[in-house]
>>> print(open('protein-v5.cif').read())   # mmCIF, C-alpha atoms
data_model
#
loop_
_atom_site.label_atom_id
_atom_site.label_comp_id
_atom_site.auth_asym_id
_atom_site.auth_seq_id
_atom_site.Cartn_x
_atom_site.Cartn_y
_atom_site.Cartn_z
CA MET A 209 91.47 85.91 -19.20
CA GLU A 210 89.40 88.69 -17.76
CA LEU A 211 89.68 89.55 -14.11
CA GLU A 212 85.94 89.19 -13.58
CA TYR A 213 83.87 86.72 -11.60
CA THR A 214 80.94 85.49 -13.68
CA GLU A 215 77.66 86.56 -12.11
CA HIS A 216 75.54 83.74 -10.72
CA PRO A 217 72.40 83.70 -8.54
CA ILE A 218 73.80 81.09 -6.14
CA LEU A 219 77.58 81.08 -6.42
CA LYS A 220 78.74 84.45 -5.15
CA PRO A 221 82.27 85.87 -5.51
CA PRO A 222 84.24 87.02 -2.44
CA SER A 223 83.41 90.48 -1.11
CA ASP A 224 85.17 93.46 -2.69
CA GLU A 225 87.34 93.81 0.43
CA ASP A 226 88.40 90.15 0.32
CA GLN A 227 89.08 90.39 -3.40
CA LEU A 228 91.26 93.46 -2.88
CA ALA A 229 93.20 91.80 -0.05
CA LEU A 230 93.80 88.71 -2.15
CA LEU A 231 94.74 90.72 -5.21
CA GLU A 232 97.28 92.83 -3.29
CA ASN A 233 98.83 89.91 -1.41
CA ASP A 234 98.67 87.03 -3.87
CA PRO A 235 97.64 87.94 -7.45
CA GLU A 236 98.12 84.33 -8.61
CA ALA A 237 95.70 83.05 -5.99
CA TYR A 238 93.24 85.78 -6.99
CA LEU A 239 93.46 84.69 -10.62
CA GLN A 240 93.01 81.05 -9.62
CA SER A 241 89.99 81.94 -7.53
CA ILE A 242 88.36 83.62 -10.57
CA GLN A 243 89.21 80.63 -12.77
CA LEU A 244 87.69 78.18 -10.28
CA HIS A 245 84.57 80.29 -9.82
CA ASN A 246 83.99 80.68 -13.57
CA ALA A 247 84.82 77.03 -14.33
CA ARG A 248 82.32 75.88 -11.69
CA ILE A 249 79.58 77.89 -13.40
CA GLU A 250 80.62 76.70 -16.84
CA VAL A 251 80.54 73.03 -15.84
CA SER A 252 77.07 73.50 -14.34
CA VAL A 253 75.86 74.51 -17.80
CA ILE A 254 77.79 71.86 -19.72
CA ASP A 255 76.80 68.95 -17.49
CA PRO A 256 73.74 70.08 -15.52
CA VAL A 257 72.60 66.64 -14.36
CA TYR A 258 75.73 66.02 -12.31
CA HIS A 259 77.13 69.51 -11.76
CA SER A 260 74.30 72.02 -11.70
CA PHE A 261 73.40 73.85 -8.51
CA VAL A 262 70.79 71.74 -6.74
CA LEU A 263 69.03 72.99 -3.62
CA PRO A 264 69.01 70.82 -0.46
CA GLN A 265 65.23 70.27 -0.61
CA GLN A 266 65.60 69.02 -4.19
CA PHE A 267 68.18 66.48 -3.07
CA LYS A 268 65.74 65.45 -0.34
CA VAL A 269 63.01 64.72 -2.94
CA ARG A 270 65.39 62.52 -4.89
CA GLU A 271 66.49 60.69 -1.75
CA LEU A 272 62.85 59.97 -0.89
CA LEU A 273 62.14 58.64 -4.39
CA TRP A 274 65.15 56.34 -4.18
CA LYS A 275 63.55 54.53 -1.24
CA ASP A 276 61.76 51.33 -2.23
CA ALA A 277 58.87 51.99 0.10
CA ILE A 278 58.04 55.34 -1.52
CA ASP A 279 56.27 55.48 -4.89
CA GLU A 280 55.46 59.13 -5.13
CA VAL A 281 56.47 62.45 -3.64
CA TRP A 282 54.25 65.51 -3.83
CA VAL A 283 56.21 68.73 -4.20
CA LEU A 284 54.41 71.95 -3.38
CA GLY A 285 55.77 75.40 -4.06
CA GLY A 286 55.08 78.85 -5.45
CA VAL A 287 55.59 80.02 -9.00
CA ARG A 288 59.21 79.68 -10.21
CA SER A 289 60.31 77.93 -7.04
CA GLY A 290 62.17 75.19 -8.90
CA LYS A 291 59.60 72.37 -8.98
CA SER A 292 59.74 71.74 -12.73
CA ARG A 293 63.49 72.23 -12.88
CA SER A 294 64.22 69.70 -10.16
CA ALA A 295 61.79 67.23 -11.79
CA ALA A 296 63.60 67.69 -15.12
CA TRP A 297 66.90 67.12 -13.31
CA MET A 298 65.67 63.82 -11.87
CA VAL A 299 64.08 62.74 -15.18
CA MET A 300 67.29 63.34 -17.11
CA GLN A 301 69.41 61.54 -14.51
CA ALA A 302 67.03 58.57 -14.61
CA LEU A 303 67.24 58.50 -18.42
CA LEU A 304 71.02 58.69 -18.42
CA GLU A 305 71.46 55.96 -15.84
CA ASN A 306 68.77 53.61 -17.16
CA PRO A 307 69.24 53.10 -20.92
CA ASN A 308 66.13 52.23 -22.97
CA THR A 309 63.86 53.81 -20.39
CA GLU A 310 60.78 55.79 -21.40
CA ILE A 311 59.53 58.49 -19.06
CA PHE A 312 56.28 60.38 -19.58
CA CYS A 313 56.15 63.97 -18.34
CA TRP A 314 52.59 65.22 -18.00
CA ALA A 315 51.46 68.83 -18.15
CA GLN A 316 48.02 70.49 -18.21
CA ASN A 317 48.12 70.75 -22.00
CA GLU A 318 50.53 70.96 -24.93
CA ASP A 319 51.25 74.68 -24.47
CA ALA A 320 52.03 74.20 -20.79
CA SER A 321 54.37 71.35 -21.65
CA VAL A 322 56.18 73.43 -24.27
CA GLU A 323 56.40 76.50 -22.04
CA ARG A 324 57.03 75.03 -18.60
CA GLN A 325 58.43 71.53 -18.95
CA GLN A 326 60.38 71.12 -22.14
CA PRO A 327 62.74 74.11 -21.63
CA TYR A 328 63.95 72.55 -18.37
CA LEU A 329 64.42 69.13 -19.96
CA TRP A 330 66.36 70.79 -22.77
CA GLU A 331 68.49 72.68 -20.24
CA MET A 332 69.31 69.40 -18.48
CA MET A 333 70.72 67.77 -21.60
CA SER A 334 74.52 67.63 -21.58
CA GLN A 335 76.04 70.06 -24.04
CA MET B 258 69.30 53.81 -45.99
CA SER B 259 66.53 55.17 -43.81
CA LYS B 260 64.49 58.16 -44.97
CA GLU B 261 65.80 60.25 -42.06
CA LEU B 262 69.43 59.48 -42.89
CA ALA B 263 68.82 60.25 -46.56
CA LEU B 264 67.26 63.57 -45.60
CA GLU B 265 70.21 64.40 -43.33
CA THR B 266 72.67 63.53 -46.11
CA ASN B 267 70.79 65.70 -48.60
CA ASP B 268 70.77 68.59 -46.13
CA TYR B 269 74.47 68.09 -45.51
CA VAL B 270 75.29 68.03 -49.24
CA ALA B 271 73.18 71.15 -49.86
CA ASN B 272 74.95 72.95 -47.00
CA ALA B 273 78.37 71.78 -48.16
CA LEU B 274 77.61 73.03 -51.69
CA LYS B 275 76.54 76.40 -50.32
CA ASN B 276 79.68 76.62 -48.14
CA ALA B 277 81.93 75.64 -51.06
CA GLN B 278 80.29 78.24 -53.34
CA GLU B 279 80.63 80.93 -50.69
CA SER B 280 84.23 80.13 -49.83
CA THR B 281 85.56 79.77 -53.38
CA GLY B 282 87.25 82.89 -54.62
CA HIS B 283 86.65 82.35 -58.36
CA GLN B 284 83.89 81.40 -60.79
CA ARG B 285 85.86 78.49 -62.32
CA ALA B 286 85.30 76.20 -59.34
CA TRP B 287 83.16 73.13 -60.11
CA CYS B 288 80.75 73.97 -57.33
CA VAL B 289 79.83 77.16 -59.25
CA ARG B 290 79.99 75.81 -62.78
CA GLU B 291 78.28 72.45 -62.25
CA PRO B 292 76.40 72.58 -58.95
CA LYS B 293 74.08 69.62 -59.73
CA LYS B 294 76.92 67.36 -60.76
CA TRP B 295 78.89 68.60 -57.75
CA ALA B 296 76.07 67.60 -55.39
CA LEU B 297 75.81 64.18 -57.06
CA VAL B 298 79.51 63.52 -56.56
CA ALA B 299 79.39 64.86 -52.99
CA GLN B 300 76.55 62.46 -52.25
CA HIS B 301 78.60 59.57 -53.60
CA ILE B 302 81.61 60.61 -51.51
CA THR B 303 79.55 60.73 -48.32
CA GLN B 304 77.59 57.53 -48.91
CA GLN B 305 79.92 55.40 -51.12
CA PRO B 306 77.08 53.21 -52.46
CA CYS B 307 79.35 51.80 -55.23
CA THR B 308 82.97 52.03 -56.31
CA VAL B 309 84.34 55.30 -57.66
CA GLU B 310 84.95 53.73 -61.09
CA GLU B 311 81.40 52.40 -61.40
CA PHE B 312 79.96 55.72 -60.33
CA ARG B 313 82.16 57.71 -62.71
CA ARG B 314 81.32 55.45 -65.64
CA LYS B 315 77.58 55.53 -64.92
CA HIS B 316 77.38 59.34 -64.64
CA LYS B 317 80.16 60.13 -67.11
CA ILE B 318 82.22 62.00 -64.58
CA THR B 319 85.92 62.60 -65.14
CA LYS B 320 88.52 61.60 -62.59
CA ASN B 321 89.57 65.22 -62.32
CA PHE B 322 86.06 66.38 -61.53
CA TYR B 323 85.51 63.64 -58.94
CA TYR B 324 88.70 64.33 -56.97
CA ASP B 325 88.36 68.12 -57.29
CA VAL B 326 84.94 67.85 -55.64
CA LYS B 327 86.43 65.62 -52.96
CA THR B 328 89.05 68.27 -52.21
CA GLU B 329 86.41 71.01 -52.09
CA LEU B 330 84.25 68.87 -49.81
CA MET B 331 87.16 68.14 -47.49
CA ALA B 332 87.73 71.85 -47.07
CA ASP B 333 84.31 72.11 -45.42
CA PRO B 334 84.91 72.24 -41.65
CA GLU B 335 81.71 70.24 -41.08
CA CYS B 336 82.95 67.13 -42.90
CA GLN B 337 84.97 65.78 -39.97
CA LEU B 338 83.29 62.37 -40.29
CA ILE B 339 84.38 62.00 -43.91
CA ARG B 340 87.91 63.07 -43.02
CA ASN B 341 87.96 60.45 -40.23
CA ALA B 342 86.85 57.73 -42.66
CA TRP B 343 89.47 58.91 -45.14
CA ALA B 344 92.14 58.82 -42.43
CA ALA B 345 91.11 55.27 -41.51
CA GLU B 346 91.43 54.22 -45.17
CA ILE B 347 94.89 55.77 -45.40
CA SER B 348 95.93 54.06 -42.15
CA SER B 349 94.90 50.65 -43.46
CA VAL B 350 96.89 51.22 -46.68
CA MET B 351 99.86 52.34 -44.60
CA PHE B 352 99.77 49.24 -42.39
CA GLU B 353 99.59 47.04 -45.47
CA GLY B 354 102.51 48.98 -46.96
CA LEU B 355 104.53 48.58 -43.77
CA ASP B 356 104.11 44.80 -43.89
CA THR B 357 105.41 44.71 -47.46
CA HIS B 358 108.20 47.08 -46.51
CA ARG B 359 109.26 44.81 -43.64
CA LYS B 360 109.52 41.84 -46.04
CA ILE B 361 111.59 43.92 -48.48
CA LEU B 362 113.87 45.08 -45.66
CA ASN B 363 114.42 41.50 -44.46
CA LYS B 364 115.34 40.32 -47.94
CA PHE B 365 117.54 43.37 -48.44
CA GLY B 366 119.29 42.78 -45.09
CA ASP B 367 119.89 39.13 -45.98
CA GLY B 368 121.30 40.20 -49.36
CA VAL B 369 123.68 42.72 -47.77
CA GLU B 370 124.87 40.21 -45.16
CA SER B 371 125.49 37.48 -47.71
CA GLY B 372 127.28 39.92 -50.01
CA ALA B 373 124.74 39.44 -52.84
CA ILE B 374 123.92 43.16 -52.70
CA GLU B 375 126.79 45.57 -52.94
CA VAL B 376 126.38 48.57 -50.68
CA ASP B 377 127.25 51.79 -52.46
CA GLU B 378 126.35 55.45 -51.82
CA ASN B 379 123.05 55.05 -53.62
CA VAL B 380 121.98 52.17 -51.39
CA MET B 381 123.13 54.03 -48.28
CA PHE B 382 121.09 57.09 -49.30
CA LYS B 383 117.93 55.05 -49.97
CA SER B 384 118.31 53.19 -46.68
CA GLY B 385 118.73 56.45 -44.78
CA LYS B 386 115.65 57.97 -46.47
CA SER B 387 113.62 54.89 -45.69
CA LEU B 388 114.57 55.07 -42.00
CA GLN B 389 113.69 58.76 -41.99
CA ALA B 390 110.25 58.01 -43.47
CA LEU B 391 109.65 55.34 -40.84
CA ASN B 392 110.70 57.76 -38.14
CA ASP B 393 108.19 60.32 -39.47
CA ILE B 394 105.39 57.75 -39.48
CA HIS B 395 106.30 56.69 -35.95
CA GLY B 396 106.26 60.30 -34.83
CA LYS B 397 102.88 60.91 -36.40
CA LEU B 398 101.35 57.78 -34.88
CA THR B 399 102.67 58.51 -31.42
CA GLY B 400 101.98 62.22 -31.67
CA ASN B 401 105.61 63.08 -30.87
CA ASN B 402 106.10 65.36 -33.84
CA VAL B 403 102.91 67.37 -33.41
CA GLN B 404 103.51 71.02 -32.87
CA LYS B 405 101.30 72.40 -30.18
CA HIS B 406 100.45 76.06 -30.00
CA VAL B 407 99.04 77.11 -26.68
CA VAL B 408 97.52 80.55 -26.71
CA GLU B 409 97.33 81.86 -23.20
CA HIS B 410 96.41 85.30 -22.09
CA ILE B 411 98.78 86.37 -19.35
CA VAL B 412 97.31 88.96 -17.05
CA SER B 413 99.61 91.96 -17.05
CA GLN B 414 100.65 94.01 -14.04
CA GLU B 415 98.65 96.94 -15.44
CA GLU B 416 95.52 94.81 -15.53
CA TYR B 417 96.03 93.79 -11.89
CA GLU B 418 96.58 97.40 -10.89
CA SER B 419 93.55 98.61 -12.80
CA LYS B 420 91.43 95.90 -11.13
CA ALA B 421 92.76 96.92 -7.70
CA ASP B 422 91.81 100.55 -8.43
CA GLU B 423 88.36 99.45 -9.57
CA LEU B 424 87.84 97.47 -6.35
CA LYS B 425 89.09 100.36 -4.20
CA ALA B 426 86.63 102.71 -5.93
CA LYS B 427 83.78 100.24 -5.38
CA ILE B 428 84.66 99.85 -1.69
CA ALA B 429 84.88 103.62 -1.24
CA ALA B 430 81.51 104.10 -2.99
CA ALA B 431 79.94 101.44 -0.78
CA LYS B 432 81.31 103.13 2.37
CA GLU B 433 79.95 106.47 1.20
CA ALA B 434 76.53 104.95 0.58
CA LYS B 435 76.56 103.36 4.05
CA LYS B 436 77.46 106.71 5.64
CA VAL B 437 74.54 108.46 3.91
CA GLU B 438 72.22 105.65 4.97
CA SER B 439 73.26 105.91 8.61
CA GLU B 440 72.87 109.68 8.51
CA ILE B 441 69.31 109.26 7.29
CA ILE B 442 68.63 106.81 10.10
CA GLU B 443 69.91 109.36 12.64
CA VAL B 444 67.52 112.00 11.28
CA ASP B 445 64.62 109.55 11.58
#
>>> encode(input="protein-v5.cif", output="structure tokens")
Amino acid sequence: MELEYTEHPILKPPSDEDQLALLENDPEAYLQSIQLHNARIEVSVIDPVYHSFVLPQQFKVRELLWKDAIDEVWVLGGVRSGKSRSAAWMVMQALLENPNTEIFCWAQNEDASVERQQPYLWEMMSQ
Amino acid sequence: MSKELALETNDYVANALKNAQESTGHQRAWCVREPKKWALVAQHITQQPCTVEEFRRKHKITKNFYYDVKTELMADPECQLIRNAWAAEISSVMFEGLDTHRKILNKFGDGVESGAIEVDENVMFKSGKSLQALNDIHGKLTGNNVQKHVVEHIVSQEEYESKADELKAKIAAAKEAKKVESEIIEVD
């Protein structure tokens, strides 16, 4: 295996100083740390519904929707702030946990659906 | 069969034919000489709509041709499903065979005990071989005789050292950059 931490926007490797200290004092632990880091990223791709990196506010939306008294949650946010992705995450989890369920995902038009919704739904499918 | 399934099967057969033609090293292979017939047989192997004999008689296909195609098809890495079905068929034959074998063994044991069967070297040899065969089957079923090859890349001392040097260089470069930055701040 390569002695490299896989790059990820959320999961960051230890600082260079910490890596060096670990490498010089306990090479096995250093190797294990790389393995754990890379495996965590890999599993987030293989099984995104249950192991992808979900932001706290996205968990909050799901918690609200789980409440019986709440029928809808409006999520506001800028461009590429994770709205569609978190919706795809919830849709796929609902599909997995409720067999024979049909869920409609609406977009402005067909192109918008293909460009902005379907890639996230595809990403959420287990590999 | 649904239209979708038929389409998938046709695609699979076409792909398998292409793979077989590409992987064969000579022009004598059936997949090169008789591609249409090859595809017909492959379709029968994957779908099994009638018995092999009926199919062979209807399409005038020789036994040789049929089983050669089966072997070529099995070599395709994508035909795992067919191999699984084949394995299941073999297992059922084996279980049936084991039942018969048990009955034969019982009768044989009774014969030896009563003295009706005389035990000579030949009988001893056959009995030993039979036990060996059973032991092999048992090993295969339990997975005890499977050789496992684990390929593991062990990180060498040189690789650790080279990584340590790389990290030291990065840390030194970062310190240098910080120094320059602070110098600029002082000038400001």
>>> interface_residues(input="protein-v5.cif", of="chain B", to="chain A", cutoff="7 Å", atoms="only C-alpha atoms", output="ChimeraX atom specification")
/B:410,412,421,424,428
>>> atom_distance(input="protein-v5.cif", atom1="atom CA of A:Pro221", atom2="atom CA of A:Ile242")
8.2 Å
>>> residues_around(input="protein-v5.cif", residues="B:Asp325", least_positions_apart="3", cutoff="12 Å", atoms="all atoms listed in the file", output="number ranges by chain")
B: 277, 285-288, 294-295, 298-299, 302, 318-322, 328-332
>>> closest_residue(input="protein-v5.cif", among="B:Lys364, B:Pro292, B:Lys405, B:Asp377", to="B:Asn276", atoms="only C-alpha atoms")
B:Pro292
